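Student: Sending over run30.cif (mmCIF, C-alpha atoms).
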data_protein
#
loop_
_atom_site.group_PDB
_atom_site.id
_atom_site.type_symbol
_atom_site.label_atom_id
_atom_site.label_comp_id
_atom_site.auth_asym_id
_atom_site.auth_seq_id
_atom_site.Cartn_x
_atom_site.Cartn_y
_atom_site.Cartn_z
ATOM 1 C CA MET W 1 24.597 -32.811 -21.453
ATOM 2 C CA ARG W 2 23.353 -31.995 -17.965
ATOM 3 C CA ARG W 3 20.471 -33.592 -16.191
ATOM 4 C CA LYS W 4 17.589 -31.372 -15.161
ATOM 5 C CA SER W 5 18.217 -32.295 -11.523
ATOM 6 C CA ASP W 6 21.761 -30.864 -11.786
ATOM 7 C CA LEU W 7 20.559 -27.390 -12.844
ATOM 8 C CA PRO W 8 20.144 -24.589 -10.286
ATOM 9 C CA SER W 9 16.613 -23.868 -9.120
ATOM 10 C CA LYS W 10 14.676 -21.091 -7.379
ATOM 11 C CA LEU W 11 11.226 -20.554 -5.901
ATOM 12 C CA CYS W 12 8.826 -18.306 -7.793
ATOM 13 C CA ALA W 13 8.051 -15.065 -5.941
ATOM 14 C CA ALA W 14 4.394 -15.158 -7.036
ATOM 15 C CA CYS W 15 3.254 -18.782 -6.823
ATOM 16 C CA GLY W 16 5.984 -20.323 -4.648
ATOM 17 C CA ARG W 17 6.647 -23.223 -7.000
ATOM 18 C CA PRO W 18 10.217 -24.293 -7.784
ATOM 19 C CA PHE W 19 11.567 -23.657 -11.279
ATOM 20 C CA VAL W 20 14.911 -24.511 -12.854
ATOM 21 C CA TRP W 21 17.485 -22.581 -14.838
ATOM 22 C CA ARG W 22 16.848 -22.049 -18.554
ATOM 23 C CA LYS W 23 19.411 -21.204 -21.189
ATOM 24 C CA LYS W 24 17.641 -17.959 -22.096
ATOM 25 C CA TRP W 25 18.094 -16.805 -18.463
ATOM 26 C CA ALA W 26 21.874 -17.440 -18.513
ATOM 27 C CA ARG W 27 22.832 -13.751 -18.572
ATOM 28 C CA ASP W 28 20.560 -12.601 -15.766
ATOM 29 C CA TRP W 29 19.785 -15.653 -13.623
ATOM 30 C CA SER W 30 20.442 -13.644 -10.463
ATOM 31 C CA SER W 31 17.611 -11.234 -11.309
ATOM 32 C CA VAL W 32 15.010 -13.843 -12.396
ATOM 33 C CA ARG W 33 12.202 -13.986 -9.801
ATOM 34 C CA TYR W 34 9.178 -15.442 -11.577
ATOM 35 C CA CYS W 35 8.664 -18.816 -13.252
ATOM 36 C CA SER W 36 6.446 -17.532 -16.074
ATOM 37 C CA THR W 37 4.979 -14.438 -17.676
ATOM 38 C CA ARG W 38 1.669 -15.189 -15.966
ATOM 39 C CA CYS W 39 3.311 -15.059 -12.528
ATOM 40 C CA ARG W 40 5.216 -11.922 -13.486
ATOM 41 C CA SER W 41 1.981 -10.183 -14.461
ATOM 42 C CA THR W 42 0.175 -11.079 -11.215
ATOM 43 C CA LYS W 43 3.260 -10.521 -9.025
ATOM 44 C CA GLY W 44 1.636 -12.254 -6.090
ATOM 45 C CA SER W 45 -1.259 -9.803 -5.828
ATOM 46 C CA GLU W 46 -3.645 -12.609 -4.882
ATOM 47 C CA LYS W 47 -1.441 -13.684 -2.004
ATOM 48 C CA THR W 48 -1.031 -10.180 -0.628
ATOM 49 C CA LEU W 49 -4.734 -9.402 -0.877
ATOM 50 C CA GLY W 50 -5.739 -12.621 0.849
ATOM 51 C CA VAL W 51 -7.930 -13.781 -2.017
ATOM 52 C CA THR W 52 -8.416 -17.542 -2.165
ATOM 53 C CA ARG W 53 -9.761 -19.521 -5.081
#
As structure tokens, what does this structure read like?
Tutor:
Amino acid sequence: MRRKSDLPSKLCAACGRPFVWRKKWARDWSSVRYCSTRCRSTKGSEKTLGVTR
């Protein structure tokens, strides 16, 4: 069993938060860019438009 701190991590392209490797991403970890489906659907549009909440 591995500790969560031992798993590889990346920064989300949309929100900028760090997220860690998941088993379901094992085949295509190199192509994973977003931490969730919500971030994937927005794809950083708020950041690029300069909208602040």
Student: Would you work out the distance separating atom CA of Pro18 of chain W from atom CA of Asp6 of chain W, expressed in Å to one decimal?
Tutor: 13.9 Å
Student: Could you pull the residues within 12 Å of segment 30-37 of chain W, counting all atoms listed in the file, minus those fewer than 6 positions along the same chain, as a PyMOL selection string?
Tutor: chain W and resi 8-22+24+43-44
Student: As JSON, what would the box around segment 21-35 of chain W look like: edges along x, y and z, 6 Å added on every side, centre and edge lengths in Å to one decimal?
Tutor:
{"center_x": 15.7, "center_y": -16.9, "center_z": -15.9, "size_x": 26.2, "size_y": 23.3, "size_z": 24.3}
